[in-house]
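Below is upload.txt, holding compact mmCIF, N, CA and C atoms.
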```txt
# COMPACT_ATOMS: atom_id res chain seq x y z
N MET G 58 12.34 -11.28 1.03
CA MET G 58 11.02 -11.89 1.11
C MET G 58 10.00 -10.94 0.48
N GLN G 59 9.25 -11.46 -0.45
CA GLN G 59 8.19 -10.68 -1.10
C GLN G 59 6.88 -10.85 -0.33
N PRO G 60 6.07 -9.81 -0.28
CA PRO G 60 4.79 -9.93 0.42
C PRO G 60 3.78 -10.70 -0.42
N GLU G 61 2.73 -11.14 0.23
CA GLU G 61 1.59 -11.74 -0.46
C GLU G 61 0.73 -10.61 -1.01
N VAL G 62 0.07 -10.87 -2.13
CA VAL G 62 -0.79 -9.87 -2.75
C VAL G 62 -2.10 -10.54 -3.14
N LYS G 63 -3.22 -9.97 -2.70
CA LYS G 63 -4.55 -10.50 -3.03
C LYS G 63 -5.46 -9.36 -3.47
N LEU G 64 -6.39 -9.69 -4.35
CA LEU G 64 -7.42 -8.75 -4.76
C LEU G 64 -8.59 -8.88 -3.80
N LEU G 65 -9.13 -7.76 -3.37
CA LEU G 65 -10.30 -7.77 -2.49
C LEU G 65 -11.47 -7.12 -3.23
N LYS G 66 -12.57 -7.84 -3.33
CA LYS G 66 -13.82 -7.25 -3.80
C LYS G 66 -14.52 -6.78 -2.53
N VAL G 67 -14.83 -5.49 -2.46
CA VAL G 67 -15.34 -4.94 -1.20
C VAL G 67 -16.71 -4.30 -1.39
N GLY G 68 -17.50 -4.36 -0.32
CA GLY G 68 -18.83 -3.79 -0.31
C GLY G 68 -18.83 -2.35 0.17
N PRO G 69 -19.99 -1.73 0.20
CA PRO G 69 -20.09 -0.31 0.53
C PRO G 69 -19.71 0.05 1.97
N HIS G 70 -19.75 -0.92 2.88
CA HIS G 70 -19.44 -0.64 4.29
C HIS G 70 -18.03 -1.05 4.68
N PHE G 71 -17.25 -1.52 3.72
CA PHE G 71 -15.89 -2.01 3.97
C PHE G 71 -15.02 -0.95 4.66
N TYR G 72 -15.00 0.26 4.13
CA TYR G 72 -14.15 1.32 4.67
C TYR G 72 -14.43 1.56 6.15
N GLY G 73 -15.69 1.69 6.51
CA GLY G 73 -16.04 1.95 7.90
C GLY G 73 -15.67 0.82 8.83
N LEU G 74 -15.78 -0.40 8.35
CA LEU G 74 -15.48 -1.57 9.19
C LEU G 74 -13.98 -1.76 9.43
N VAL G 75 -13.17 -1.47 8.44
CA VAL G 75 -11.77 -1.87 8.54
C VAL G 75 -10.77 -0.72 8.70
N SER G 76 -11.22 0.53 8.67
CA SER G 76 -10.25 1.64 8.72
C SER G 76 -9.40 1.62 9.99
N ASN G 77 -9.98 1.29 11.15
CA ASN G 77 -9.18 1.20 12.38
C ASN G 77 -8.20 0.03 12.33
N PHE G 78 -8.63 -1.09 11.77
CA PHE G 78 -7.74 -2.25 11.64
C PHE G 78 -6.53 -1.89 10.78
N ILE G 79 -6.78 -1.18 9.68
CA ILE G 79 -5.70 -0.81 8.78
C ILE G 79 -4.70 0.09 9.48
N ARG G 80 -5.17 1.00 10.32
CA ARG G 80 -4.28 1.93 11.01
C ARG G 80 -3.44 1.24 12.08
N SER G 81 -4.03 0.29 12.82
CA SER G 81 -3.26 -0.23 13.95
C SER G 81 -3.58 -1.66 14.37
N GLY G 82 -4.43 -2.36 13.66
CA GLY G 82 -4.86 -3.68 14.14
C GLY G 82 -4.10 -4.85 13.58
N HIS G 83 -2.94 -4.61 13.01
CA HIS G 83 -2.20 -5.72 12.43
C HIS G 83 -0.81 -5.83 13.06
N ALA G 84 -0.26 -7.04 13.00
CA ALA G 84 1.01 -7.31 13.67
C ALA G 84 2.22 -7.13 12.75
N SER G 85 2.02 -7.32 11.45
CA SER G 85 3.12 -7.26 10.49
C SER G 85 2.79 -6.23 9.42
N PHE G 86 3.58 -6.21 8.36
CA PHE G 86 3.29 -5.29 7.26
C PHE G 86 1.94 -5.65 6.65
N PHE G 87 1.05 -4.66 6.55
CA PHE G 87 -0.26 -4.88 5.96
C PHE G 87 -0.74 -3.56 5.38
N CYS G 88 -1.01 -3.56 4.10
CA CYS G 88 -1.42 -2.32 3.44
C CYS G 88 -2.52 -2.61 2.42
N ILE G 89 -3.52 -1.75 2.40
CA ILE G 89 -4.57 -1.81 1.38
C ILE G 89 -4.25 -0.74 0.34
N VAL G 90 -4.22 -1.16 -0.92
CA VAL G 90 -3.82 -0.27 -2.00
C VAL G 90 -4.97 -0.14 -3.00
N ASN G 91 -5.17 1.07 -3.50
CA ASN G 91 -6.14 1.32 -4.54
C ASN G 91 -5.59 0.73 -5.84
N PRO G 92 -6.31 -0.19 -6.49
CA PRO G 92 -5.77 -0.82 -7.71
C PRO G 92 -5.51 0.16 -8.85
N GLU G 93 -6.19 1.30 -8.85
CA GLU G 93 -5.97 2.28 -9.90
C GLU G 93 -4.59 2.92 -9.83
N ALA G 94 -3.92 2.79 -8.67
CA ALA G 94 -2.58 3.35 -8.50
C ALA G 94 -1.48 2.35 -8.85
N VAL G 95 -1.88 1.12 -9.17
CA VAL G 95 -0.90 0.05 -9.40
C VAL G 95 -0.81 -0.28 -10.88
N ILE G 96 0.41 -0.29 -11.36
CA ILE G 96 0.66 -0.60 -12.77
C ILE G 96 1.01 -2.08 -12.95
N SER G 97 1.78 -2.63 -12.00
CA SER G 97 2.22 -4.01 -12.15
C SER G 97 2.57 -4.62 -10.80
N MET G 98 2.69 -5.93 -10.80
CA MET G 98 3.13 -6.64 -9.61
C MET G 98 4.57 -6.25 -9.28
N GLU G 99 5.38 -5.99 -10.31
CA GLU G 99 6.76 -5.56 -10.09
C GLU G 99 6.80 -4.25 -9.32
N GLN G 100 5.89 -3.34 -9.63
CA GLN G 100 5.83 -2.06 -8.91
C GLN G 100 5.59 -2.31 -7.43
N LEU G 101 4.67 -3.21 -7.10
CA LEU G 101 4.40 -3.54 -5.70
C LEU G 101 5.63 -4.15 -5.04
N GLY G 102 6.28 -5.08 -5.72
CA GLY G 102 7.47 -5.73 -5.17
C GLY G 102 8.62 -4.76 -4.94
N ILE G 103 8.87 -3.90 -5.91
CA ILE G 103 9.96 -2.93 -5.78
C ILE G 103 9.65 -1.94 -4.66
N ALA G 104 8.41 -1.45 -4.61
CA ALA G 104 8.04 -0.51 -3.54
C ALA G 104 8.18 -1.17 -2.17
N TYR G 105 7.82 -2.44 -2.06
CA TYR G 105 7.96 -3.15 -0.78
C TYR G 105 9.44 -3.28 -0.40
N GLU G 106 10.26 -3.71 -1.35
CA GLU G 106 11.70 -3.86 -1.06
C GLU G 106 12.32 -2.54 -0.66
N LYS G 107 12.02 -1.48 -1.40
CA LYS G 107 12.56 -0.16 -1.08
C LYS G 107 12.09 0.32 0.29
N SER G 108 10.81 0.12 0.60
CA SER G 108 10.30 0.59 1.89
C SER G 108 10.91 -0.18 3.05
N THR G 109 11.17 -1.47 2.89
CA THR G 109 11.80 -2.23 3.98
C THR G 109 13.24 -1.78 4.20
N ARG G 110 13.96 -1.49 3.11
CA ARG G 110 15.35 -1.04 3.23
C ARG G 110 15.42 0.38 3.80
N MET G 111 14.52 1.25 3.35
CA MET G 111 14.58 2.65 3.74
C MET G 111 14.02 2.92 5.13
N PHE G 112 13.15 2.07 5.62
CA PHE G 112 12.35 2.38 6.79
C PHE G 112 13.17 2.76 8.02
N LYS G 113 14.21 2.01 8.32
CA LYS G 113 14.94 2.30 9.57
C LYS G 113 15.70 3.61 9.52
N TYR G 114 15.94 4.14 8.32
CA TYR G 114 16.64 5.42 8.19
C TYR G 114 15.72 6.58 7.81
N SER G 115 14.47 6.25 7.53
CA SER G 115 13.52 7.23 6.99
C SER G 115 12.96 8.16 8.06
N ARG G 116 12.57 9.34 7.63
CA ARG G 116 11.84 10.25 8.52
C ARG G 116 10.39 9.81 8.66
N VAL G 117 9.92 8.96 7.75
CA VAL G 117 8.55 8.44 7.81
C VAL G 117 8.54 7.30 8.81
N LYS G 118 7.67 7.38 9.81
CA LYS G 118 7.71 6.42 10.92
C LYS G 118 6.70 5.28 10.80
N ASN G 119 6.07 5.15 9.64
CA ASN G 119 5.11 4.08 9.40
C ASN G 119 5.47 3.45 8.06
N MET G 120 5.80 2.16 8.08
CA MET G 120 6.27 1.51 6.85
C MET G 120 5.20 1.46 5.78
N GLU G 121 3.93 1.28 6.18
CA GLU G 121 2.85 1.25 5.20
C GLU G 121 2.70 2.61 4.52
N ALA G 122 2.88 3.69 5.27
CA ALA G 122 2.81 5.04 4.68
C ALA G 122 3.95 5.23 3.68
N LEU G 123 5.14 4.78 4.03
CA LEU G 123 6.28 4.88 3.12
C LEU G 123 6.01 4.07 1.85
N PHE G 124 5.45 2.89 2.00
CA PHE G 124 5.09 2.04 0.86
C PHE G 124 4.10 2.77 -0.05
N LEU G 125 3.07 3.38 0.53
CA LEU G 125 2.09 4.12 -0.28
C LEU G 125 2.73 5.32 -0.96
N MET G 126 3.67 5.97 -0.30
CA MET G 126 4.39 7.08 -0.93
C MET G 126 5.15 6.59 -2.16
N LEU G 127 5.80 5.44 -2.05
CA LEU G 127 6.53 4.88 -3.19
C LEU G 127 5.60 4.45 -4.30
N ILE G 128 4.46 3.85 -3.96
CA ILE G 128 3.49 3.44 -4.98
C ILE G 128 2.94 4.64 -5.72
N SER G 129 2.60 5.68 -4.98
CA SER G 129 1.95 6.85 -5.59
C SER G 129 2.93 7.85 -6.19
N GLY G 130 4.18 7.84 -5.73
CA GLY G 130 5.14 8.84 -6.15
C GLY G 130 4.94 10.18 -5.46
N GLU G 131 4.13 10.20 -4.41
CA GLU G 131 3.85 11.42 -3.66
C GLU G 131 4.82 11.54 -2.48
N THR G 132 5.27 12.76 -2.20
CA THR G 132 6.21 12.97 -1.10
C THR G 132 5.52 13.33 0.21
N GLN G 133 4.21 13.52 0.18
CA GLN G 133 3.45 13.79 1.40
C GLN G 133 2.55 12.60 1.70
N ILE G 134 2.53 12.19 2.97
CA ILE G 134 1.76 11.01 3.36
C ILE G 134 0.29 11.17 3.04
N SER G 135 -0.30 12.31 3.35
CA SER G 135 -1.74 12.49 3.12
C SER G 135 -2.09 12.37 1.64
N LYS G 136 -1.25 12.90 0.77
CA LYS G 136 -1.49 12.78 -0.68
C LYS G 136 -1.32 11.33 -1.12
N ALA G 137 -0.31 10.64 -0.58
CA ALA G 137 -0.08 9.24 -0.94
C ALA G 137 -1.28 8.38 -0.56
N ILE G 138 -1.87 8.63 0.60
CA ILE G 138 -3.05 7.87 1.04
C ILE G 138 -4.23 8.16 0.11
N ARG G 139 -4.42 9.43 -0.24
CA ARG G 139 -5.52 9.78 -1.15
C ARG G 139 -5.36 9.12 -2.51
N VAL G 140 -4.15 9.08 -3.03
CA VAL G 140 -3.90 8.54 -4.36
C VAL G 140 -3.88 7.01 -4.38
N ALA G 141 -3.21 6.40 -3.40
CA ALA G 141 -2.95 4.97 -3.48
C ALA G 141 -3.50 4.14 -2.34
N GLY G 142 -4.09 4.76 -1.33
CA GLY G 142 -4.52 4.00 -0.15
C GLY G 142 -5.99 3.66 -0.11
N LEU G 143 -6.42 3.21 1.05
CA LEU G 143 -7.82 2.85 1.30
C LEU G 143 -8.66 4.12 1.37
N ASN G 144 -9.65 4.18 0.51
CA ASN G 144 -10.55 5.33 0.47
C ASN G 144 -11.98 4.84 0.34
N GLU G 145 -12.90 5.63 0.85
CA GLU G 145 -14.31 5.28 0.71
C GLU G 145 -14.67 5.23 -0.77
N GLY G 146 -15.59 4.34 -1.10
CA GLY G 146 -16.07 4.25 -2.47
C GLY G 146 -15.37 3.23 -3.33
N LEU G 147 -14.28 2.63 -2.83
CA LEU G 147 -13.61 1.60 -3.62
C LEU G 147 -14.48 0.35 -3.71
N HIS G 148 -14.51 -0.28 -4.86
CA HIS G 148 -15.21 -1.56 -5.03
C HIS G 148 -14.21 -2.72 -5.07
N GLU G 149 -12.97 -2.36 -5.35
CA GLU G 149 -11.88 -3.32 -5.33
C GLU G 149 -10.70 -2.69 -4.60
N ALA G 150 -9.89 -3.54 -4.02
CA ALA G 150 -8.68 -3.08 -3.34
C ALA G 150 -7.65 -4.21 -3.45
N ILE G 151 -6.42 -3.86 -3.24
CA ILE G 151 -5.35 -4.85 -3.24
C ILE G 151 -4.76 -4.90 -1.83
N ALA G 152 -4.71 -6.10 -1.26
CA ALA G 152 -4.08 -6.29 0.05
C ALA G 152 -2.65 -6.75 -0.18
N VAL G 153 -1.71 -6.05 0.44
CA VAL G 153 -0.29 -6.40 0.38
C VAL G 153 0.12 -6.67 1.82
N TYR G 154 0.57 -7.88 2.12
CA TYR G 154 0.80 -8.26 3.52
C TYR G 154 1.88 -9.32 3.64
N THR G 155 2.41 -9.45 4.85
CA THR G 155 3.44 -10.46 5.11
C THR G 155 2.99 -11.55 6.07
N SER G 156 1.85 -11.37 6.72
CA SER G 156 1.36 -12.38 7.66
C SER G 156 -0.07 -12.80 7.30
N GLU G 157 -0.23 -14.08 7.07
CA GLU G 157 -1.56 -14.63 6.76
C GLU G 157 -2.54 -14.37 7.91
N ASN G 158 -2.02 -14.33 9.14
CA ASN G 158 -2.89 -14.05 10.30
C ASN G 158 -3.55 -12.68 10.17
N ASP G 159 -2.83 -11.70 9.66
CA ASP G 159 -3.41 -10.37 9.48
C ASP G 159 -4.55 -10.40 8.47
N LEU G 160 -4.39 -11.16 7.39
CA LEU G 160 -5.49 -11.27 6.41
C LEU G 160 -6.69 -11.95 7.04
N GLU G 161 -6.46 -12.99 7.83
CA GLU G 161 -7.57 -13.67 8.50
C GLU G 161 -8.27 -12.74 9.49
N ASN G 162 -7.50 -11.92 10.21
CA ASN G 162 -8.10 -10.95 11.13
C ASN G 162 -8.92 -9.91 10.37
N LEU G 163 -8.43 -9.49 9.20
CA LEU G 163 -9.19 -8.54 8.38
C LEU G 163 -10.51 -9.17 7.93
N LYS G 164 -10.48 -10.44 7.55
CA LYS G 164 -11.72 -11.13 7.15
C LYS G 164 -12.73 -11.11 8.29
N THR G 165 -12.27 -11.31 9.51
CA THR G 165 -13.16 -11.29 10.67
C THR G 165 -13.77 -9.90 10.86
N VAL G 166 -12.95 -8.88 10.74
CA VAL G 166 -13.42 -7.50 10.92
C VAL G 166 -14.38 -7.09 9.80
N ALA G 167 -14.05 -7.47 8.57
CA ALA G 167 -14.83 -7.03 7.41
C ALA G 167 -16.14 -7.81 7.25
N ARG G 168 -16.23 -8.94 7.89
CA ARG G 168 -17.41 -9.81 7.78
C ARG G 168 -17.73 -10.09 6.32
N GLU G 169 -18.97 -9.91 5.90
CA GLU G 169 -19.35 -10.24 4.52
C GLU G 169 -19.11 -9.09 3.54
N GLU G 170 -18.41 -8.07 3.97
CA GLU G 170 -18.13 -6.92 3.11
C GLU G 170 -16.90 -7.12 2.23
N MET G 171 -16.31 -8.31 2.26
CA MET G 171 -15.06 -8.51 1.53
C MET G 171 -14.97 -9.93 1.01
N GLN G 172 -14.53 -10.05 -0.23
CA GLN G 172 -14.24 -11.34 -0.83
C GLN G 172 -12.79 -11.32 -1.29
N VAL G 173 -12.01 -12.33 -0.89
CA VAL G 173 -10.58 -12.39 -1.24
C VAL G 173 -10.42 -13.24 -2.49
N MET G 174 -9.65 -12.70 -3.44
CA MET G 174 -9.43 -13.41 -4.71
C MET G 174 -7.95 -13.36 -5.07
N GLU G 175 -7.53 -14.28 -5.91
CA GLU G 175 -6.18 -14.21 -6.46
C GLU G 175 -6.15 -13.04 -7.43
N ILE G 176 -5.00 -12.43 -7.55
CA ILE G 176 -4.89 -11.28 -8.44
C ILE G 176 -4.39 -11.73 -9.80
N GLY G 177 -5.02 -11.23 -10.83
CA GLY G 177 -4.62 -11.55 -12.19
C GLY G 177 -4.06 -10.33 -12.89
N LYS G 178 -3.34 -10.54 -13.95
CA LYS G 178 -2.75 -9.41 -14.67
C LYS G 178 -3.81 -8.47 -15.21
N SER G 179 -4.99 -8.99 -15.54
CA SER G 179 -6.04 -8.13 -16.10
C SER G 179 -6.54 -7.11 -15.09
N VAL G 180 -6.36 -7.38 -13.80
CA VAL G 180 -6.80 -6.45 -12.76
C VAL G 180 -5.92 -5.20 -12.76
N LEU G 181 -4.64 -5.38 -13.05
CA LEU G 181 -3.70 -4.28 -12.99
C LEU G 181 -3.71 -3.49 -14.29
N GLN G 182 -4.73 -2.68 -14.45
CA GLN G 182 -4.90 -1.90 -15.66
C GLN G 182 -4.68 -0.43 -15.39
N GLY G 183 -3.79 -0.11 -14.45
CA GLY G 183 -3.48 1.28 -14.15
C GLY G 183 -2.85 1.96 -15.35
N LYS G 184 -2.74 3.24 -15.27
CA LYS G 184 -2.12 4.01 -16.35
C LYS G 184 -0.66 3.63 -16.47
N ASN G 185 -0.16 3.52 -17.69
CA ASN G 185 1.25 3.23 -17.90
C ASN G 185 2.03 4.51 -17.66
N ASP G 186 2.77 4.56 -16.60
CA ASP G 186 3.46 5.77 -16.20
C ASP G 186 4.96 5.60 -16.38
N ASP G 187 5.50 6.20 -17.42
CA ASP G 187 6.93 6.09 -17.69
C ASP G 187 7.76 6.76 -16.59
N LEU G 188 7.15 7.65 -15.84
CA LEU G 188 7.88 8.37 -14.80
C LEU G 188 7.79 7.69 -13.43
N LEU G 189 7.18 6.51 -13.39
CA LEU G 189 6.94 5.84 -12.11
C LEU G 189 8.20 5.73 -11.26
N PHE G 190 9.28 5.22 -11.81
CA PHE G 190 10.46 4.98 -11.00
C PHE G 190 11.21 6.28 -10.71
N THR G 191 11.06 7.27 -11.57
CA THR G 191 11.61 8.59 -11.27
C THR G 191 10.89 9.17 -10.06
N ARG G 192 9.56 9.00 -10.02
CA ARG G 192 8.78 9.49 -8.89
C ARG G 192 9.13 8.72 -7.62
N MET G 193 9.39 7.41 -7.73
CA MET G 193 9.82 6.64 -6.57
C MET G 193 11.13 7.19 -6.02
N ALA G 194 12.06 7.52 -6.91
CA ALA G 194 13.35 8.06 -6.49
C ALA G 194 13.16 9.39 -5.77
N LYS G 195 12.23 10.21 -6.25
CA LYS G 195 11.94 11.49 -5.58
C LYS G 195 11.44 11.26 -4.17
N VAL G 196 10.58 10.26 -3.99
CA VAL G 196 10.09 9.92 -2.65
C VAL G 196 11.23 9.44 -1.77
N GLN G 197 12.11 8.61 -2.32
CA GLN G 197 13.26 8.13 -1.55
C GLN G 197 14.09 9.29 -1.03
N LEU G 198 14.36 10.24 -1.89
CA LEU G 198 15.17 11.39 -1.48
C LEU G 198 14.47 12.23 -0.42
N SER G 199 13.16 12.40 -0.55
CA SER G 199 12.45 13.25 0.41
C SER G 199 12.25 12.56 1.76
N ALA G 200 12.22 11.23 1.77
CA ALA G 200 11.95 10.50 3.01
C ALA G 200 13.19 10.29 3.87
N MET G 201 14.35 10.46 3.28
CA MET G 201 15.58 10.21 4.02
C MET G 201 16.05 11.49 4.69
N PRO G 202 16.64 11.36 5.87
CA PRO G 202 17.19 12.54 6.55
C PRO G 202 18.28 13.19 5.69
N GLN G 203 18.30 14.48 5.69
CA GLN G 203 19.30 15.20 4.92
C GLN G 203 20.58 15.33 5.75
N PRO G 204 21.74 15.20 5.13
CA PRO G 204 23.00 15.36 5.89
C PRO G 204 23.14 16.79 6.36
N ARG G 205 23.69 16.94 7.54
CA ARG G 205 23.91 18.27 8.11
C ARG G 205 25.23 18.81 7.63
N LEU G 206 25.20 20.05 7.22
CA LEU G 206 26.45 20.72 6.81
C LEU G 206 27.12 21.27 8.06
N GLN G 207 28.38 21.14 8.13
CA GLN G 207 29.10 21.62 9.31
C GLN G 207 29.86 22.88 9.04
```

Take the structure in the file and give it back as structure tokens.
Amino acid sequence: MQPEVKLLKVGPHFYGLVSNFIRSGHASFFCIVNPEAVISMEQLGIAYEKSTRMFKYSRVKNMEALFLMLISGETQISKAIRVAGLNEGLHEAIAVYTSENDLENLKTVAREEMQVMEIGKSVLQGKNDDLLFTRMAKVQLSAMPQPRLQ
């Protein structure tokens, strides 16, 4: 199952209104992504599939954090959030989610600070990164428990 993806046009108070919701106010997978970190819809789909498969075996205990690590290619959660997550000052964001109820709840929390739009290919104008999937593989290796030598 692929997640839903929407473009969010956000106002200056969006971060303050929704940061708590993003951390813990949703029932299913829900992640806000910085569009500058996204190259393609395929990148989002592959990162979602990998994070769902890896999550139960991963040392990372939050699926959205693992997803951001795969999107950004960063092996540390804090760096992944800085590079690919919700940050103050964004005017646009991408919502990646599996439950429409979570998007509706976000709309309630964000009030008039957010407009939901369909995402078009022109929005995804991130840098073309030939190393993207190599960086994803590095995250996969770092997030998985290492076998113990006996």

Enumerate, as a ChimeraX atom specification, the complete set of residues in range 74-181 of chain G that a backbone-based DSSP assignment places in alpha helix (DSSP H). /G:74-81,98-111,120-129,134-141,157-167

Thr165 in chain G surroundings by only C-alpha atoms, 12 Å radius, close-in-sequence under 3 positions cut, as a PDB file with N, CA and C atoms, in the coordinates of the input:
```pdb
ATOM      1  N   PHE G  71     -17.250  -1.520   3.720  1.00  0.00           N
ATOM      2  CA  PHE G  71     -15.890  -2.010   3.970  1.00  0.00           C
ATOM      3  C   PHE G  71     -15.020  -0.950   4.660  1.00  0.00           C
ATOM      4  N   LEU G  74     -15.780  -0.400   8.350  1.00  0.00           N
ATOM      5  CA  LEU G  74     -15.480  -1.570   9.190  1.00  0.00           C
ATOM      6  C   LEU G  74     -13.980  -1.760   9.430  1.00  0.00           C
ATOM      7  N   VAL G  75     -13.170  -1.470   8.440  1.00  0.00           N
ATOM      8  CA  VAL G  75     -11.770  -1.870   8.540  1.00  0.00           C
ATOM      9  C   VAL G  75     -10.770  -0.720   8.700  1.00  0.00           C
ATOM     10  N   PHE G  78      -8.630  -1.090  11.770  1.00  0.00           N
ATOM     11  CA  PHE G  78      -7.740  -2.250  11.640  1.00  0.00           C
ATOM     12  C   PHE G  78      -6.530  -1.890  10.780  1.00  0.00           C
ATOM     13  N   GLY G  82      -4.430  -2.360  13.660  1.00  0.00           N
ATOM     14  CA  GLY G  82      -4.860  -3.680  14.140  1.00  0.00           C
ATOM     15  C   GLY G  82      -4.100  -4.850  13.580  1.00  0.00           C
ATOM     16  N   ASN G 158      -2.020 -14.330   9.140  1.00  0.00           N
ATOM     17  CA  ASN G 158      -2.890 -14.050  10.300  1.00  0.00           C
ATOM     18  C   ASN G 158      -3.550 -12.680  10.170  1.00  0.00           C
ATOM     19  N   ASP G 159      -2.830 -11.700   9.660  1.00  0.00           N
ATOM     20  CA  ASP G 159      -3.410 -10.370   9.480  1.00  0.00           C
ATOM     21  C   ASP G 159      -4.550 -10.400   8.470  1.00  0.00           C
ATOM     22  N   LEU G 160      -4.390 -11.160   7.390  1.00  0.00           N
ATOM     23  CA  LEU G 160      -5.490 -11.270   6.410  1.00  0.00           C
ATOM     24  C   LEU G 160      -6.690 -11.950   7.040  1.00  0.00           C
ATOM     25  N   GLU G 161      -6.460 -12.990   7.830  1.00  0.00           N
ATOM     26  CA  GLU G 161      -7.570 -13.670   8.500  1.00  0.00           C
ATOM     27  C   GLU G 161      -8.270 -12.740   9.490  1.00  0.00           C
ATOM     28  N   ASN G 162      -7.500 -11.920  10.210  1.00  0.00           N
ATOM     29  CA  ASN G 162      -8.100 -10.950  11.130  1.00  0.00           C
ATOM     30  C   ASN G 162      -8.920  -9.910  10.370  1.00  0.00           C
ATOM     31  N   ARG G 168     -16.230  -8.940   7.890  1.00  0.00           N
ATOM     32  CA  ARG G 168     -17.410  -9.810   7.780  1.00  0.00           C
ATOM     33  C   ARG G 168     -17.730 -10.090   6.320  1.00  0.00           C
ATOM     34  N   GLU G 169     -18.970  -9.910   5.900  1.00  0.00           N
ATOM     35  CA  GLU G 169     -19.350 -10.240   4.520  1.00  0.00           C
ATOM     36  C   GLU G 169     -19.110  -9.090   3.540  1.00  0.00           C
ATOM     37  N   GLU G 170     -18.410  -8.070   3.970  1.00  0.00           N
ATOM     38  CA  GLU G 170     -18.130  -6.920   3.110  1.00  0.00           C
ATOM     39  C   GLU G 170     -16.900  -7.120   2.230  1.00  0.00           C
ATOM     40  N   MET G 171     -16.310  -8.310   2.260  1.00  0.00           N
ATOM     41  CA  MET G 171     -15.060  -8.510   1.530  1.00  0.00           C
ATOM     42  C   MET G 171     -14.970  -9.930   1.010  1.00  0.00           C
ATOM     43  N   GLN G 172     -14.530 -10.050  -0.230  1.00  0.00           N
ATOM     44  CA  GLN G 172     -14.240 -11.340  -0.830  1.00  0.00           C
ATOM     45  C   GLN G 172     -12.790 -11.320  -1.290  1.00  0.00           C
TER      46      GLN G 172
END
```

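In this comparison, which uses all atoms listed in the file, the residue of G:Thr109, G:Glu175, G:Ala141, G:Glu61 approaching Ile128 in chain G most closely is G:Ala141.
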
Write out as a ChimeraX atom specification the set of residues from chain G that DSSP, computed on the backbone, places in strand (DSSP E or B). /G:61-67,87-90,149-154,171-174

Hey, which of G:Met174, G:Val196, G:Leu163, G:Met98 ends up closest to Thr132 in chain G? Count all atoms listed in the file. G:Val196
